[in-house]
file target-v3.cif (mmCIF, C-alpha atoms)
data_protein
#
loop_
_atom_site.label_atom_id
_atom_site.label_comp_id
_atom_site.auth_asym_id
_atom_site.auth_seq_id
_atom_site.Cartn_x
_atom_site.Cartn_y
_atom_site.Cartn_z
CA MET A 214 11.24 12.17 -3.29
CA LEU A 215 9.30 11.68 -6.51
CA THR A 216 5.53 11.85 -6.37
CA LEU A 217 3.02 10.75 -8.98
CA THR A 218 2.10 14.39 -9.74
CA SER A 219 2.76 15.01 -13.42
CA PRO A 220 5.52 17.57 -14.13
CA VAL A 221 3.57 18.58 -17.26
CA GLU A 222 1.46 21.61 -16.26
CA THR A 223 -2.17 21.13 -17.32
CA PRO A 224 -5.25 23.34 -16.86
CA LEU A 225 -6.39 20.74 -14.30
CA HIS A 226 -3.41 21.58 -12.06
CA ARG A 227 -4.97 24.99 -11.38
CA ILE A 228 -8.30 23.66 -10.04
CA PRO A 229 -8.32 23.57 -6.19
CA ALA A 230 -7.60 20.07 -4.79
CA GLY A 231 -10.80 19.96 -2.72
CA VAL A 232 -12.94 20.64 -5.80
CA LYS A 233 -11.18 17.88 -7.76
CA LEU A 234 -11.63 15.36 -4.93
CA ALA A 235 -15.34 16.20 -4.58
CA ALA A 236 -15.79 15.89 -8.36
CA LEU A 237 -13.98 12.54 -8.29
CA ALA A 238 -16.28 11.22 -5.56
CA LEU A 239 -19.34 12.32 -7.54
CA PHE A 240 -17.98 10.89 -10.81
CA THR A 241 -17.25 7.52 -9.18
CA LEU A 242 -20.76 7.38 -7.67
CA VAL A 243 -22.32 8.11 -11.08
CA LEU A 244 -20.08 5.49 -12.68
CA PHE A 245 -21.56 2.81 -10.44
CA GLN A 246 -25.10 3.87 -11.46
CA LEU A 247 -24.38 3.49 -15.18
CA SER A 248 -24.97 0.00 -16.49
CA THR A 249 -24.80 0.13 -20.30
CA PRO A 250 -21.56 -0.19 -22.29
CA LEU A 251 -22.49 2.92 -24.28
CA ALA A 252 -22.86 5.23 -21.24
CA LEU A 253 -19.67 3.88 -19.67
CA SER A 254 -17.75 4.27 -22.94
CA LEU A 255 -18.87 7.89 -23.07
CA ALA A 256 -17.56 8.42 -19.52
CA LEU A 257 -14.21 6.88 -20.51
CA VAL A 258 -14.04 8.97 -23.71
CA ALA A 259 -14.70 12.09 -21.62
CA LEU A 260 -11.78 11.14 -19.34
CA ILE A 261 -9.49 10.55 -22.33
CA ALA A 262 -10.48 13.94 -23.74
CA LEU A 263 -9.78 15.54 -20.36
CA SER A 264 -6.34 13.88 -20.26
CA LEU A 265 -5.56 15.09 -23.79
CA THR A 266 -6.08 18.72 -22.70
CA GLY A 267 -2.76 18.24 -20.91
CA GLY A 268 -1.04 17.22 -24.14
CA LEU A 269 0.10 13.90 -25.59
CA ARG A 270 2.94 13.36 -23.09
CA PHE A 271 0.59 13.79 -20.15
CA ALA A 272 -2.01 11.44 -21.65
CA ARG A 273 0.64 8.80 -22.35
CA HIS A 274 1.85 9.00 -18.76
CA GLY A 275 -1.77 8.50 -17.64
CA ALA A 276 -2.11 5.43 -19.85
CA ARG A 277 1.09 3.99 -18.36
CA MET A 278 -0.39 4.30 -14.88
CA LEU A 279 -3.23 1.97 -15.93
CA ARG A 280 -0.79 -0.84 -16.77
CA PRO A 281 -1.45 -2.88 -13.57
CA LEU A 282 -5.05 -3.32 -14.81
CA TRP A 283 -4.16 -5.13 -18.04
CA PRO A 284 -3.80 -8.65 -16.56
CA PHE A 285 -7.31 -8.29 -15.12
CA VAL A 286 -8.63 -7.00 -18.45
CA GLY A 287 -7.17 -10.08 -20.18
CA LEU A 288 -8.62 -12.52 -17.64
CA ILE A 289 -12.09 -10.94 -17.63
CA THR A 290 -12.18 -10.83 -21.44
CA LEU A 291 -11.27 -14.53 -21.65
CA TRP A 292 -13.83 -15.43 -18.98
CA HIS A 293 -16.67 -13.58 -20.73
CA LEU A 294 -15.68 -14.94 -24.15
CA TRP A 295 -15.99 -18.40 -22.64
CA GLN A 296 -19.33 -17.49 -20.98
CA ASP A 297 -20.48 -15.88 -24.27
CA ASP A 298 -21.59 -12.74 -22.43
CA LEU A 299 -19.34 -9.98 -23.73
CA THR A 300 -21.76 -7.13 -22.82
CA ALA A 301 -21.47 -7.87 -19.10
CA GLY A 302 -17.69 -8.15 -19.47
CA ALA A 303 -17.51 -4.81 -21.27
CA VAL A 304 -19.55 -3.10 -18.51
CA ILE A 305 -17.20 -4.44 -15.81
CA LEU A 306 -14.02 -3.50 -17.67
CA LEU A 307 -15.19 -0.04 -18.76
CA ARG A 308 -16.38 0.83 -15.26
CA MET A 309 -13.17 -0.40 -13.61
CA THR A 310 -10.90 1.40 -16.10
CA ALA A 311 -12.86 4.66 -15.88
CA ALA A 312 -12.92 4.63 -12.07
CA VAL A 313 -9.16 4.03 -11.82
CA ALA A 314 -8.34 6.48 -14.62
CA ALA A 315 -10.40 9.26 -13.00
CA ALA A 316 -8.72 8.75 -9.61
CA ASN A 317 -5.28 8.69 -11.25
CA LEU A 318 -6.11 11.91 -13.09
CA VAL A 319 -6.73 13.68 -9.76
CA THR A 320 -3.47 12.28 -8.34
CA MET A 321 -1.53 13.33 -11.44
CA THR A 322 -2.78 16.91 -11.35
CA THR A 323 -2.60 17.64 -7.62
CA ARG A 324 0.61 18.53 -5.75
CA LEU A 325 1.49 16.68 -2.55
CA SER A 326 1.38 19.92 -0.55
CA ASP A 327 -2.18 20.65 -1.79
CA MET A 328 -3.27 17.11 -0.91
CA ILE A 329 -1.83 17.49 2.60
CA THR A 330 -3.72 20.81 3.00
CA VAL A 331 -7.02 19.07 2.13
CA LEU A 332 -6.14 16.22 4.49
CA GLU A 333 -5.49 18.69 7.34
CA ARG A 334 -8.91 20.25 6.74
CA LEU A 335 -10.63 16.85 6.62
CA ALA A 336 -8.81 15.68 9.78
CA ARG A 337 -9.82 18.75 11.81
CA PRO A 338 -12.91 17.10 13.37
CA LEU A 339 -10.59 14.34 14.61
CA ALA A 340 -8.39 16.84 16.48
CA PRO A 341 -9.23 15.65 20.03
CA LEU A 342 -8.28 12.11 19.02
CA LEU A 343 -5.45 12.92 16.64
CA PRO A 344 -3.78 16.33 17.07
CA PRO A 345 -3.06 17.80 13.59
CA ARG A 346 0.55 18.55 14.53
CA ARG A 347 1.18 14.92 15.42
CA LEU A 348 -0.28 13.74 12.09
CA ALA A 349 1.84 16.28 10.18
CA LEU A 350 4.95 15.18 12.09
CA ALA A 351 4.23 11.50 11.36
CA ILE A 352 3.83 12.20 7.62
CA ALA A 353 7.02 14.26 7.56
CA LEU A 354 8.96 11.53 9.41
CA VAL A 355 7.90 8.84 6.92
CA ILE A 356 8.82 10.99 3.92
CA ARG A 357 12.19 11.85 5.50
CA PHE A 358 13.07 8.32 6.57
CA ILE A 359 12.19 6.42 3.37
CA PRO A 360 15.44 7.57 1.66
CA VAL A 361 17.41 7.06 4.90
CA LEU A 362 16.22 3.47 5.34
CA SER A 363 16.56 2.87 1.62
CA ASP A 364 20.24 3.91 1.66
CA ARG A 365 20.82 1.76 4.76
CA THR A 366 19.29 -1.25 2.98
CA ALA A 367 21.50 -0.59 -0.06
CA LEU A 368 24.60 -0.60 2.20
CA LEU A 369 23.47 -3.86 3.83
CA SER A 370 23.00 -5.33 0.37
CA GLN A 371 26.54 -4.31 -0.68
CA ALA A 372 27.98 -5.76 2.52
CA TRP A 373 26.19 -9.03 1.76
CA ARG A 374 27.44 -9.11 -1.83
CA ALA A 375 31.02 -8.60 -0.64
CA ARG A 376 30.75 -11.88 1.28
CA SER A 377 28.49 -14.02 -0.88
CA PRO A 378 27.90 -14.62 -4.59
CA ARG A 379 24.17 -15.10 -3.93
CA LYS A 380 21.55 -12.35 -3.77
CA PRO A 381 20.56 -11.22 -0.27
CA GLY A 382 16.78 -11.08 -0.97
CA TRP A 383 14.64 -11.49 2.14
CA ARG A 384 17.71 -11.73 4.41
CA LEU A 385 17.82 -7.92 4.34
CA ALA A 386 14.42 -7.69 6.05
CA ALA A 387 15.66 -8.42 9.59
CA PRO A 388 18.59 -5.92 9.62
CA ALA A 389 16.39 -3.34 7.85
CA ALA A 390 13.73 -3.74 10.56
CA LEU A 391 16.41 -3.48 13.28
CA ALA A 392 17.67 -0.26 11.67
CA ALA A 393 14.10 1.11 11.73
CA LEU A 394 13.73 0.16 15.40
CA ASP A 395 17.04 1.80 16.37
CA ASP A 396 16.25 4.97 14.39
CA ALA A 397 12.81 5.12 16.03
CA GLU A 398 14.42 5.08 19.50
CA GLN A 399 16.93 7.78 18.57
CA VAL A 400 14.39 10.05 16.89
CA ALA A 401 12.08 9.65 19.91
CA ALA A 402 14.91 10.71 22.24
CA ALA A 403 15.71 13.66 19.97
CA LEU A 404 12.04 14.75 19.90
CA ARG A 405 11.78 14.51 23.69
CA ALA A 406 14.92 16.60 24.08
CA ARG A 407 13.33 19.28 21.90
CA GLY A 408 10.12 19.47 23.88
CA GLY A 409 8.15 16.47 22.62
CA THR A 410 5.47 16.25 19.98
CA GLY A 411 3.31 18.94 21.54
CA MET B 229 4.22 9.19 23.33
CA GLU B 230 7.21 10.14 21.16
CA ARG B 231 8.32 6.52 21.07
CA SER B 232 4.95 5.36 19.79
CA LEU B 233 4.90 8.03 17.11
CA THR B 234 8.43 7.39 15.85
CA HIS B 235 7.95 3.61 15.81
CA ILE B 236 4.74 3.98 13.80
CA ALA B 237 6.38 6.40 11.34
CA LEU B 238 9.60 4.40 10.94
CA PHE B 239 7.72 1.15 10.30
CA ALA B 240 5.50 2.91 7.76
CA ALA B 241 8.77 3.89 6.04
CA LEU B 242 10.01 0.29 6.35
CA ILE B 243 6.93 -1.01 4.46
CA ALA B 244 7.77 1.42 1.64
CA VAL B 245 11.46 0.43 1.57
CA LEU B 246 10.69 -3.30 1.50
CA GLY B 247 8.38 -2.55 -1.47
CA LEU B 248 11.44 -1.33 -3.37
CA VAL B 249 13.24 -4.68 -3.06
CA PRO B 250 12.93 -6.29 -6.51
CA PRO B 251 10.30 -9.05 -6.40
CA LEU B 252 11.10 -12.74 -6.61
CA TYR B 253 9.28 -14.57 -9.40
CA LEU B 254 7.63 -17.85 -8.54
CA ALA B 255 7.34 -20.18 -11.56
CA GLY B 256 8.55 -17.24 -13.66
CA ALA B 257 5.28 -15.31 -13.56
CA VAL B 258 3.80 -14.70 -10.12
CA PRO B 259 5.63 -11.88 -8.32
CA ILE B 260 6.36 -12.21 -4.60
CA THR B 261 7.18 -8.85 -3.08
CA ALA B 262 8.67 -8.14 0.32
CA GLN B 263 6.06 -5.42 0.91
CA THR B 264 3.51 -7.64 2.63
CA LEU B 265 6.37 -9.00 4.76
CA GLY B 266 6.75 -5.40 5.97
CA ILE B 267 3.00 -5.23 6.71
CA MET B 268 3.18 -8.40 8.81
CA LEU B 269 6.29 -7.18 10.66
CA CYS B 270 4.40 -4.02 11.68
CA GLY B 271 1.98 -6.27 13.54
CA THR B 272 4.39 -8.84 14.94
CA VAL B 273 7.02 -6.31 16.09
CA LEU B 274 4.96 -3.25 17.08
CA GLY B 275 1.85 -5.06 18.30
CA ALA B 276 -1.78 -4.83 17.20
CA ARG B 277 -2.60 -1.15 17.77
CA ARG B 278 0.69 0.42 16.67
CA GLY B 279 0.96 -2.03 13.76
CA LEU B 280 -2.50 -1.04 12.53
CA LEU B 281 -1.62 2.67 12.79
CA ALA B 282 1.71 2.19 10.96
CA VAL B 283 -0.04 0.49 8.03
CA LEU B 284 -2.78 3.16 7.97
CA LEU B 285 -0.11 5.88 7.86
CA PHE B 286 1.58 4.08 4.96
CA LEU B 287 -1.73 3.83 3.04
CA LEU B 288 -2.44 7.52 3.74
CA LEU B 289 0.83 8.47 2.03
CA VAL B 290 -0.05 6.21 -0.90
CA ALA B 291 -3.44 7.95 -1.21
CA LEU B 292 -1.77 11.37 -1.08
CA GLY B 293 0.08 10.42 -4.27
CA LEU B 294 3.39 8.82 -3.32
CA PRO B 295 4.37 5.78 -5.46
CA LEU B 296 5.10 3.54 -2.47
CA LEU B 297 3.25 0.34 -3.37
CA SER B 298 5.47 -2.37 -4.90
CA GLY B 299 6.01 -1.75 -8.60
CA GLY B 300 5.89 2.01 -8.00
CA ARG B 301 2.10 2.13 -7.83
CA GLY B 302 0.20 4.68 -5.77
CA GLY B 303 -2.29 7.52 -5.89
CA LEU B 304 -6.04 7.38 -5.48
CA GLY B 305 -6.56 4.97 -8.40
CA VAL B 306 -5.26 1.91 -6.52
CA PHE B 307 -8.11 2.28 -4.01
CA VAL B 308 -10.81 1.69 -6.65
CA GLY B 309 -8.97 -0.92 -8.75
CA PRO B 310 -9.36 -4.70 -8.52
CA SER B 311 -6.65 -4.99 -5.84
CA ALA B 312 -8.30 -2.43 -3.51
CA GLY B 313 -9.61 -5.17 -1.22
CA PHE B 314 -6.05 -6.25 -0.44
CA LEU B 315 -5.22 -2.67 0.58
CA VAL B 316 -8.18 -2.75 3.00
CA GLY B 317 -6.82 -6.06 4.27
CA PHE B 318 -3.30 -4.66 4.95
CA PRO B 319 -4.08 -2.84 8.24
CA LEU B 320 -6.46 -5.57 9.43
CA ALA B 321 -3.86 -8.27 8.74
CA ALA B 322 -1.24 -6.34 10.72
CA PHE B 323 -3.71 -5.91 13.57
CA VAL B 324 -4.58 -9.61 13.70
CA ALA B 325 -0.90 -10.67 13.49
CA GLY B 326 -0.08 -8.26 16.30
CA TRP B 327 -2.99 -9.48 18.38
CA ILE B 328 -1.81 -13.09 18.06
CA MET B 329 1.73 -12.03 18.99
CA GLU B 330 0.45 -10.17 22.08
CA ARG B 331 -2.10 -12.69 23.32
CA THR B 332 -0.20 -15.96 22.91
CA THR B 333 2.81 -17.13 24.87
CA LEU B 334 4.22 -19.15 21.95
CA PRO B 335 7.92 -18.60 21.10
CA PRO B 336 8.33 -15.60 18.73
CA PHE B 337 8.88 -17.75 15.63
CA TRP B 338 5.67 -19.76 16.06
CA ALA B 339 3.53 -16.83 17.19
CA ALA B 340 4.68 -14.67 14.26
CA THR B 341 4.28 -17.51 11.74
CA ALA B 342 0.75 -18.12 13.04
CA GLY B 343 0.12 -14.38 12.74
CA GLY B 344 1.45 -14.49 9.18
CA VAL B 345 -0.88 -17.34 8.26
CA ILE B 346 -4.03 -16.09 10.00
CA GLY B 347 -3.50 -12.37 9.32
CA GLY B 348 -1.48 -12.40 6.10
CA ILE B 349 -3.38 -15.20 4.40
CA GLY B 350 -6.73 -15.57 6.22
CA VAL B 351 -7.70 -11.93 6.77
CA MET B 352 -5.84 -10.58 3.73
CA TYR B 353 -7.43 -13.06 1.28
CA LEU B 354 -10.90 -12.57 2.78
CA CYS B 355 -10.69 -8.82 2.16
CA GLY B 356 -8.79 -9.07 -1.14
CA ILE B 357 -11.04 -11.68 -2.71
CA THR B 358 -14.18 -9.79 -1.59
CA GLY B 359 -12.72 -6.67 -3.24
CA MET B 360 -11.98 -8.50 -6.50
CA ALA B 361 -15.45 -10.07 -6.45
CA ILE B 362 -17.05 -6.60 -6.16
CA VAL B 363 -14.89 -4.77 -8.73
CA LEU B 364 -14.89 -7.61 -11.27
CA ASN B 365 -18.53 -8.56 -10.56
CA LYS B 366 -17.78 -12.25 -9.94
CA THR B 367 -18.80 -14.63 -7.17
CA PHE B 368 -16.46 -15.11 -4.19
CA ALA B 369 -15.53 -18.60 -5.45
CA GLU B 370 -14.69 -17.35 -8.94
CA ALA B 371 -12.58 -14.50 -7.60
CA SER B 372 -10.70 -16.78 -5.23
CA ILE B 373 -9.29 -18.72 -8.22
CA LEU B 374 -7.37 -15.56 -9.13
CA ALA B 375 -5.88 -15.30 -5.65
CA LEU B 376 -4.81 -18.97 -5.63
CA ALA B 377 -1.73 -18.20 -7.73
CA PHE B 378 -0.34 -16.11 -4.87
CA LEU B 379 -0.93 -18.70 -2.15
CA PRO B 380 2.46 -20.49 -2.30
CA GLY B 381 4.28 -17.17 -2.12
CA ASP B 382 2.25 -16.06 0.87
CA VAL B 383 2.90 -19.31 2.73
CA ILE B 384 6.63 -18.68 2.23
CA LYS B 385 6.15 -15.11 3.49
CA ALA B 386 4.34 -16.28 6.62
CA VAL B 387 7.37 -18.43 7.51
CA LEU B 388 9.70 -15.51 6.70
CA THR B 389 7.63 -13.31 9.04
CA GLY B 390 8.34 -15.87 11.75
CA LEU B 391 12.08 -16.05 10.98
CA VAL B 392 12.57 -12.28 10.83
CA THR B 393 10.53 -11.68 14.00
CA GLN B 394 12.60 -14.35 15.73
CA SER B 395 15.89 -12.74 14.77
CA ILE B 396 14.60 -9.34 15.97
CA ALA B 397 13.53 -10.96 19.25
CA ARG B 398 17.07 -12.30 19.64
CA ALA B 399 18.92 -9.14 18.61
CA ARG B 400 16.74 -6.61 20.50
CA PRO B 401 14.50 -8.41 23.00
CA ALA B 402 13.41 -5.08 24.53
CA ALA B 403 12.47 -3.61 21.13
CA LEU B 404 9.82 -6.22 20.41
CA LEU B 405 6.98 -3.94 21.54
CA ALA B 406 4.34 -6.61 20.84
CA ARG B 407 5.81 -8.60 23.72
CA ALA B 408 6.80 -5.65 25.92
#
call {"tool": "encode", "arguments": {"input": "target-v3.cif", "output": "structure tokens"}}
result
Amino acid sequence: MLTLTSPVETPLHRIPAGVKLAALALFTLVLFQLSTPLALSLALVALIALSLTGGLRFARHGARMLRPLWPFVGLITLWHLWQDDLTAGAVILLRMTAAVAAANLVTMTTRLSDMITVLERLARPLAPLLPPRRLALAIALVIRFIPVLSDRTALLSQAWRARSPRKPGWRLAAPAALAALDDAEQVAAALRARGGTG
Amino acid sequence: MERSLTHIALFAALIAVLGLVPPLYLAGAVPITAQTLGIMLCGTVLGARRGLLAVLLFLLLVALGLPLLSGGRGGLGVFVGPSAGFLVGFPLAAFVAGWIMERTTLPPFWAATAGGVIGGIGVMYLCGITGMAIVLNKTFAEASILALAFLPGDVIKAVLTGLVTQSIARARPAALLARA
């Protein structure tokens, strides 16, 4: 399955995942201490420069990932134009964009396997409550069954279209949920037969 | 043990798959996705505790970098953006919906619809609007105007939660773990 990790190799890809996550936490904390548009703009410029070290294609991909923010940017700009307080608006927007962009940058430059390794290390103190093997198995099951359930839903959709000119829409939810329930029972039986979840 | 684990994992996958269903557009602009329907079903079908865990597992995979949120969003960025409060509300909404399903003796349709309204609208909006108010630095009342556009869609989804839960209760009465 596709992840959000960028296929373009950047120098940032080589930094260990734990270091990047710690840096992100620190950067986000600092971001919330800054309160002038100038300081926040500098933080955003630094992020853009960091993205550009991965080349133009990488930076453009990063910009695309910020698209869900634009409606909020529009609304906040209008609101602060109306309130005649553009400085406050700029602080909010710059901080929000920088925080999201920094987090996306870590996601884009870290492989799923490296993220899971960090997660396993972080989850170790929870071991008596949540055995690491069970967590790993749960993650693997979700990743494996998304395409399975997705194909099943596509088949249900085709079956619907063969009988009706209308779109199936929400009517797929019930059979899709039933398919998930049936698969869960079968996978549970299969796991038990192979010695359980350990 | 195995049954719990596989139900939690398979319903986490179901949330992701329902997020792939193309959204319906209300009044041409406001998207209604089936993803939150999946969140509510985790609660109403699996019950409070398993529903909560299924949604947490789903969010964990989103945080690890899988584009599973509707519209192909994902990664760490979504947890600091203006919609982050809604993500915090997801597991709580599933828990509350599951709790209502477990603790009431109403027929499945009414219990699940009530769960959809109280969990999917009440709890979800409380968390989501608080999140928007913090990120966008607005008062709760100002931020709630933004959420108002989604209200009609979420009322429809609460009823759909009831209808889907009811048809599951009819097709597989034993599989409705919330009522087991």
call {"tool": "resolve_selection", "arguments": {"input": "target-v3.cif", "expression": "the PyMOL selection byres ((chain B and resi 348-351) around 8)", "output": "list in words"}}
result
Thr264, Met268, Gly317, Leu320, Ala321, Ala322, Val324, Ala325, Gly343, Gly344, Val345, Ile346, Gly347, Met352, Tyr353, Leu354, Cys355, Leu379, Asp382, Val383 and Ala386 of chain B
call {"tool": "resolve_selection", "arguments": {"input": "target-v3.cif", "expression": "the PyMOL selection byres ((chain B) within 7 of (chain A))", "output": "JSON, numbers by chain"}}
result
{"B": [230, 231, 233, 234, 235, 237, 238, 239, 240, 241, 242, 244, 245, 292, 293, 294, 295, 303, 304, 305, 306, 308, 309, 363, 364, 365, 392, 395, 396, 403]}
call {"tool": "atom_distance", "arguments": {"input": "target-v3.cif", "atom1": "atom CA of Leu255 of chain A", "atom2": "atom CA of Pro224 of chain A"}}
result
21.5 Å
call {"tool": "atom_distance", "arguments": {"input": "target-v3.cif", "atom1": "atom CA of Val283 of chain B", "atom2": "atom CA of Ile267 of chain B"}}
result
6.6 Å
call {"tool": "atom_distance", "arguments": {"input": "target-v3.cif", "atom1": "atom CA of Gly302 of chain B", "atom2": "atom CA of Leu289 of chain B"}}
result
8.7 Å
call {"tool": "closest_residue", "arguments": {"input": "target-v3.cif", "among": "B:Gln263, B:Thr272, B:Thr341, B:Ser298", "to": "Leu391 of chain B", "atoms": "all atoms listed in the file"}}
result
B:Thr341
call {"tool": "resolve_selection", "arguments": {"input": "target-v3.cif", "expression": "the PyMOL selection byres ((chain A and resi 264) around 10)", "output": "list of chain:residue names"}}
result
A:Thr223, A:Leu225, A:Val258, A:Ala259, A:Leu260, A:Ile261, A:Ala262, A:Leu263, A:Leu265, A:Thr266, A:Gly267, A:Gly268, A:Leu269, A:Arg270, A:Phe271, A:Ala272, A:Arg273, A:His274, A:Gly275, A:Ala276, A:Ala314, A:Ala315, A:Leu318
